[in-house]
Amino acid sequence: MSRRFKAVLFDLDGVLADSATAHYAAWRRLADELGIPFDETINERLKGVSRMDSLDIILEQAGQSYDAAEKDRLAARKNGYYRDIITTLSPEDLLPGALDALKACRTASLKVALASASRNAPMLVERLGLAPYLNFIADASKAARSKPAPDIFQIAAAGVGVPPEDALAIEDAAAGVKAAKDAGCTVIGVGDRETLWEADHIIADMTVFRLEYYITGP
Ligand code: B16
Ligand code: MG
């Protein structure tokens, strides 16, 4: 699958940063406070999915319904718990292999964009010291629709001036893989094939990412 890609579009949570564990801890705290069952299987469905859609998935297990104002308050509460955790992050919390992947892209003179469903992406970029490696940040605040809609990847590709067909996307979530595929990108799934079956290629984690495997010469 080696091609002359011109850009690499990185997902954030679960690809560059270990913030998925922070999301899990924050949702778990909220679910425990509400007495709602929550486990790893439900958590997997939240990956790459927007905050409000994630809340709806969690509330499927609740024995009562919540109106829109209550849901807004619950989402804000979870986001407060999440932000408390991520304020403690530093460049040391980049996932293993992530920094090497970013550096390899820069060395190969590829455009690099972030394609994240998180409204907290700018804060994570700052905490993790990612700005010097990114040409463009596409996050939920720039897109009308969140993943699995293709918008965030289309915006990321446009942001670096590259057609999605010439971009390699790297994603850890089923919703994100679908978004990137529907945008027209070639997609590397980081995780397991069973969950990320729609990806063009699967790697277990970023430590085994080798840019030269995907990029042909000039
Ligand atoms: P926030 P990504 C996604 O980020 C997360 O994977 C997902 O679990 C989260 O619900 C979503 O961001 C929204 O995050 O509440 O911070 O706006 O993987 O697309 O970088
Ligand atoms: Mg992700």
# chains A, B, ... in the order shown; residues from 1 in each chain; ligands from 1

call {"tool": "residues_near_ligand", "arguments": {"ligand": "ligand 2", "cutoff": "7 Å", "atoms": "only C-alpha atoms and all ligand atoms", "output": "NGL selection string"}}
result
:A and (11-15 or 47-48 or 171-173 or 176)

call {"tool": "residues_near_ligand", "arguments": {"ligand": "ligand 1", "cutoff": "9 Å", "atoms": "only C-alpha atoms and all ligand atoms", "output": "number ranges by chain"}}
result
A: 10-17, 19-20, 23-24, 43-55, 75-76, 78-79, 82-83, 114-121, 139-141, 146-147, 152, 171-173, 175-176

call {"tool": "write_last_selection", "arguments": {"atoms": "N, CA and C atoms", "output": "compact mmCIF listing (two decimals), in the first residue's frame"}}
result
# COMPACT_ATOMS: atom_id res chain seq x y z
N PHE A 10 -3.46 12.85 11.73
CA PHE A 10 -3.41 12.07 12.97
C PHE A 10 -4.64 12.31 13.82
N ASP A 11 -5.28 11.24 14.26
CA ASP A 11 -6.24 11.33 15.35
C ASP A 11 -5.43 11.65 16.61
N LEU A 12 -6.10 12.16 17.63
CA LEU A 12 -5.37 12.55 18.85
C LEU A 12 -5.49 11.48 19.94
N ASP A 13 -6.71 11.38 20.48
CA ASP A 13 -6.97 10.42 21.56
C ASP A 13 -6.72 9.00 21.11
N GLY A 14 -5.79 8.33 21.70
CA GLY A 14 -5.57 6.92 21.38
C GLY A 14 -4.55 6.69 20.28
N VAL A 15 -4.14 7.77 19.60
CA VAL A 15 -3.09 7.65 18.57
C VAL A 15 -1.83 8.41 19.02
N LEU A 16 -2.01 9.69 19.36
CA LEU A 16 -0.87 10.49 19.82
C LEU A 16 -0.84 10.57 21.34
N ALA A 17 -2.02 10.63 21.95
CA ALA A 17 -2.09 10.85 23.40
C ALA A 17 -2.84 9.74 24.11
N SER A 19 -5.02 10.01 26.19
CA SER A 19 -6.14 10.68 26.85
C SER A 19 -7.40 9.82 26.90
N ALA A 20 -7.41 8.70 26.14
CA ALA A 20 -8.58 7.80 26.21
C ALA A 20 -8.77 7.29 27.65
N HIS A 23 -10.56 10.05 29.48
CA HIS A 23 -12.00 10.05 29.16
C HIS A 23 -12.70 8.93 29.94
N TYR A 24 -12.09 7.77 29.94
CA TYR A 24 -12.70 6.62 30.63
C TYR A 24 -12.90 6.93 32.12
N ASN A 43 -17.34 1.49 26.97
CA ASN A 43 -16.31 2.50 26.73
C ASN A 43 -15.77 2.45 25.30
N GLU A 44 -15.63 1.25 24.74
CA GLU A 44 -15.11 1.12 23.38
C GLU A 44 -16.00 1.86 22.39
N ARG A 45 -17.30 1.88 22.66
CA ARG A 45 -18.24 2.56 21.76
C ARG A 45 -18.12 4.08 21.84
N LEU A 46 -17.46 4.58 22.89
CA LEU A 46 -17.33 6.04 23.05
C LEU A 46 -16.14 6.61 22.28
N LYS A 47 -15.21 5.73 21.91
CA LYS A 47 -13.97 6.20 21.29
C LYS A 47 -14.26 6.90 19.96
N GLY A 48 -13.73 8.10 19.83
CA GLY A 48 -13.90 8.87 18.60
C GLY A 48 -15.26 9.51 18.45
N VAL A 49 -16.14 9.27 19.42
CA VAL A 49 -17.53 9.77 19.33
C VAL A 49 -17.64 11.07 20.14
N SER A 50 -18.48 12.00 19.71
CA SER A 50 -18.56 13.31 20.37
C SER A 50 -19.04 13.17 21.81
N ARG A 51 -18.85 14.24 22.57
CA ARG A 51 -19.19 14.22 24.00
C ARG A 51 -20.67 13.91 24.21
N MET A 52 -21.56 14.60 23.48
CA MET A 52 -23.00 14.39 23.69
C MET A 52 -23.43 13.01 23.21
N ASP A 53 -22.87 12.55 22.09
CA ASP A 53 -23.20 11.19 21.63
C ASP A 53 -22.69 10.15 22.63
N SER A 54 -21.53 10.43 23.22
CA SER A 54 -21.00 9.51 24.25
C SER A 54 -21.95 9.45 25.44
N LEU A 55 -22.44 10.63 25.85
CA LEU A 55 -23.37 10.66 26.99
C LEU A 55 -24.63 9.86 26.67
N ALA A 75 -22.96 16.48 30.75
CA ALA A 75 -21.81 16.53 29.84
C ALA A 75 -20.76 17.52 30.36
N ALA A 76 -21.26 18.66 30.90
CA ALA A 76 -20.32 19.66 31.44
C ALA A 76 -19.60 19.10 32.66
N LYS A 78 -18.92 15.91 33.32
CA LYS A 78 -17.89 14.98 32.84
C LYS A 78 -16.70 15.75 32.27
N ASN A 79 -16.97 16.80 31.54
CA ASN A 79 -15.86 17.54 30.93
C ASN A 79 -14.99 18.19 32.00
N TYR A 82 -12.77 15.52 33.25
CA TYR A 82 -11.77 15.21 32.22
C TYR A 82 -10.68 16.29 32.20
N ARG A 83 -11.10 17.55 32.24
CA ARG A 83 -10.11 18.64 32.17
C ARG A 83 -9.22 18.65 33.41
N LEU A 114 -3.89 17.48 12.59
CA LEU A 114 -4.60 16.76 13.62
C LEU A 114 -6.07 16.66 13.19
N ALA A 115 -6.68 15.51 13.38
CA ALA A 115 -8.09 15.33 13.03
C ALA A 115 -8.78 14.71 14.25
N SER A 116 -9.25 15.56 15.14
CA SER A 116 -9.76 15.08 16.43
C SER A 116 -11.20 15.49 16.65
N ALA A 117 -11.99 14.58 17.22
CA ALA A 117 -13.38 14.89 17.57
C ALA A 117 -13.48 15.65 18.89
N SER A 118 -12.34 15.90 19.52
CA SER A 118 -12.37 16.50 20.86
C SER A 118 -12.37 18.02 20.82
N ARG A 119 -13.27 18.61 21.60
CA ARG A 119 -13.27 20.07 21.77
C ARG A 119 -12.13 20.49 22.69
N ASN A 120 -11.50 19.54 23.34
CA ASN A 120 -10.36 19.84 24.21
C ASN A 120 -9.03 19.69 23.46
N ALA A 121 -9.09 19.46 22.14
CA ALA A 121 -7.85 19.23 21.38
C ALA A 121 -6.83 20.36 21.54
N ASP A 139 -10.51 20.19 14.64
CA ASP A 139 -11.18 19.58 15.80
C ASP A 139 -12.68 19.81 15.71
N ALA A 140 -13.39 19.33 16.73
CA ALA A 140 -14.85 19.36 16.69
C ALA A 140 -15.40 20.78 16.54
N SER A 141 -14.67 21.77 17.02
CA SER A 141 -15.19 23.14 16.94
C SER A 141 -15.22 23.65 15.50
N SER A 146 -19.62 15.53 13.80
CA SER A 146 -18.46 14.84 14.39
C SER A 146 -18.26 13.48 13.71
N LYS A 147 -17.18 12.78 14.04
CA LYS A 147 -16.98 11.42 13.54
C LYS A 147 -18.18 10.59 13.99
N ILE A 152 -14.44 16.06 9.74
CA ILE A 152 -13.19 16.45 10.41
C ILE A 152 -11.98 16.08 9.55
N GLU A 171 -5.95 6.31 12.87
CA GLU A 171 -7.10 6.32 13.77
C GLU A 171 -7.13 5.09 14.68
N ASP A 172 -7.66 5.27 15.91
CA ASP A 172 -7.78 4.12 16.82
C ASP A 172 -9.23 3.71 17.07
N ALA A 173 -10.19 4.46 16.51
CA ALA A 173 -11.60 4.19 16.83
C ALA A 173 -12.37 3.81 15.57
N ALA A 175 -15.36 4.65 14.78
CA ALA A 175 -16.04 5.84 14.24
C ALA A 175 -15.07 6.70 13.43
N GLY A 176 -13.82 6.77 13.90
CA GLY A 176 -12.82 7.58 13.20
C GLY A 176 -12.36 6.93 11.91

call {"tool": "closest_residue", "arguments": {"among": "A:Cys185, A:Val208, A:Ala158, A:Ala104", "to": "Phe5 in chain A", "atoms": "only C-alpha atoms"}}
result
A:Cys185

call {"tool": "residues_around", "arguments": {"residues": "range 186-190 of chain A", "least_positions_apart": "4", "cutoff": "8 Å", "atoms": "only C-alpha atoms", "output": "list in words"}}
result
Val15, Glu165, Asp166, Ala167, Leu168, Ala169, Ile170, Glu171, Asp172, Ala173, Val177, Ala180, Lys181, Leu196, Ala199, Asp200, His201, Ile202, Ile203, Ala204, Asp205 and Met206 of chain A

call {"tool": "write_last_selection", "arguments": {"atoms": "C-alpha atoms", "output": "mmCIF file, in the first residue's frame"}}
result
data_model
loop_
_atom_site.group_PDB
_atom_site.id
_atom_site.type_symbol
_atom_site.label_atom_id
_atom_site.label_comp_id
_atom_site.auth_asym_id
_atom_site.auth_seq_id
_atom_site.Cartn_x
_atom_site.Cartn_y
_atom_site.Cartn_z
ATOM 1 C CA VAL A 15 -3.085 7.653 18.573
ATOM 2 C CA GLU A 165 -7.179 10.838 -1.523
ATOM 3 C CA ASP A 166 -3.533 11.900 -1.063
ATOM 4 C CA ALA A 167 -3.697 11.710 2.716
ATOM 5 C CA LEU A 168 -2.896 8.898 5.093
ATOM 6 C CA ALA A 169 -5.134 8.945 8.190
ATOM 7 C CA ILE A 170 -4.234 7.253 11.466
ATOM 8 C CA GLU A 171 -7.105 6.317 13.773
ATOM 9 C CA ASP A 172 -7.781 4.124 16.821
ATOM 10 C CA ALA A 173 -11.596 4.194 16.828
ATOM 11 C CA VAL A 177 -11.830 4.896 10.685
ATOM 12 C CA ALA A 180 -11.544 8.913 7.351
ATOM 13 C CA LYS A 181 -12.553 6.236 4.824
ATOM 14 C CA LEU A 196 -11.181 -1.488 13.006
ATOM 15 C CA ALA A 199 -9.124 0.282 7.912
ATOM 16 C CA ASP A 200 -6.749 -0.364 4.986
ATOM 17 C CA HIS A 201 -3.987 -1.523 7.291
ATOM 18 C CA ILE A 202 -3.814 -2.354 11.001
ATOM 19 C CA ILE A 203 -0.968 -1.810 13.455
ATOM 20 C CA ALA A 204 -1.076 -2.807 17.113
ATOM 21 C CA ASP A 205 0.226 0.541 18.379
ATOM 22 C CA MET A 206 2.324 3.517 17.278
#

call {"tool": "closest_residue", "arguments": {"among": "A:Ala101, A:Met123, A:Ala174, A:Ala149", "to": "Leu9 in chain A", "atoms": "only C-alpha atoms"}}
result
A:Ala101

call {"tool": "decode", "arguments": {"residues": "range 131-147 of chain A", "atoms": "N, CA and C atoms", "output": "PDB file, in the first residue's frame"}}
result
ATOM      1  N   ALA A 131       2.362  21.405  19.075  1.00  0.00           N
ATOM      2  CA  ALA A 131       2.232  22.477  18.076  1.00  0.00           C
ATOM      3  C   ALA A 131       3.373  22.512  17.049  1.00  0.00           C
ATOM      4  N   PRO A 132       4.652  22.317  17.456  1.00  0.00           N
ATOM      5  CA  PRO A 132       5.724  22.422  16.456  1.00  0.00           C
ATOM      6  C   PRO A 132       5.649  21.366  15.350  1.00  0.00           C
ATOM      7  N   TYR A 133       4.856  20.320  15.559  1.00  0.00           N
ATOM      8  CA  TYR A 133       4.800  19.225  14.580  1.00  0.00           C
ATOM      9  C   TYR A 133       3.568  19.308  13.688  1.00  0.00           C
ATOM     10  N   LEU A 134       2.681  20.265  13.956  1.00  0.00           N
ATOM     11  CA  LEU A 134       1.396  20.296  13.249  1.00  0.00           C
ATOM     12  C   LEU A 134       1.295  21.495  12.320  1.00  0.00           C
ATOM     13  N   ASN A 135       0.853  21.249  11.081  1.00  0.00           N
ATOM     14  CA  ASN A 135       0.574  22.344  10.148  1.00  0.00           C
ATOM     15  C   ASN A 135      -0.848  22.860  10.319  1.00  0.00           C
ATOM     16  N   PHE A 136      -1.722  22.017  10.864  1.00  0.00           N
ATOM     17  CA  PHE A 136      -3.127  22.415  10.962  1.00  0.00           C
ATOM     18  C   PHE A 136      -3.823  21.548  12.014  1.00  0.00           C
ATOM     19  N   ILE A 137      -4.773  22.161  12.718  1.00  0.00           N
ATOM     20  CA  ILE A 137      -5.563  21.404  13.709  1.00  0.00           C
ATOM     21  C   ILE A 137      -7.029  21.433  13.292  1.00  0.00           C
ATOM     22  N   ALA A 138      -7.588  20.267  12.986  1.00  0.00           N
ATOM     23  CA  ALA A 138      -9.031  20.150  12.735  1.00  0.00           C
ATOM     24  C   ALA A 138      -9.639  19.476  13.959  1.00  0.00           C
ATOM     25  N   ASP A 139     -10.514  20.189  14.643  1.00  0.00           N
ATOM     26  CA  ASP A 139     -11.176  19.583  15.800  1.00  0.00           C
ATOM     27  C   ASP A 139     -12.680  19.813  15.712  1.00  0.00           C
ATOM     28  N   ALA A 140     -13.387  19.329  16.732  1.00  0.00           N
ATOM     29  CA  ALA A 140     -14.855  19.360  16.691  1.00  0.00           C
ATOM     30  C   ALA A 140     -15.401  20.779  16.540  1.00  0.00           C
ATOM     31  N   SER A 141     -14.667  21.768  17.022  1.00  0.00           N
ATOM     32  CA  SER A 141     -15.186  23.144  16.942  1.00  0.00           C
ATOM     33  C   SER A 141     -15.216  23.649  15.495  1.00  0.00           C
ATOM     34  N   LYS A 142     -14.485  23.008  14.596  1.00  0.00           N
ATOM     35  CA  LYS A 142     -14.440  23.469  13.199  1.00  0.00           C
ATOM     36  C   LYS A 142     -15.419  22.704  12.301  1.00  0.00           C
ATOM     37  N   ALA A 143     -16.009  21.625  12.823  1.00  0.00           N
ATOM     38  CA  ALA A 143     -16.826  20.751  11.969  1.00  0.00           C
ATOM     39  C   ALA A 143     -18.295  20.780  12.380  1.00  0.00           C
ATOM     40  N   ALA A 144     -19.171  20.777  11.384  1.00  0.00           N
ATOM     41  CA  ALA A 144     -20.608  20.746  11.682  1.00  0.00           C
ATOM     42  C   ALA A 144     -20.989  19.388  12.262  1.00  0.00           C
ATOM     43  N   ARG A 145     -20.393  18.333  11.737  1.00  0.00           N
ATOM     44  CA  ARG A 145     -20.721  16.979  12.205  1.00  0.00           C
ATOM     45  C   ARG A 145     -19.460  16.314  12.744  1.00  0.00           C
ATOM     46  N   SER A 146     -19.620  15.529  13.804  1.00  0.00           N
ATOM     47  CA  SER A 146     -18.464  14.835  14.388  1.00  0.00           C
ATOM     48  C   SER A 146     -18.264  13.482  13.706  1.00  0.00           C
ATOM     49  N   LYS A 147     -17.180  12.779  14.043  1.00  0.00           N
ATOM     50  CA  LYS A 147     -16.983  11.424  13.537  1.00  0.00           C
ATOM     51  C   LYS A 147     -18.177  10.591  13.994  1.00  0.00           C
TER      52      LYS A 147
END
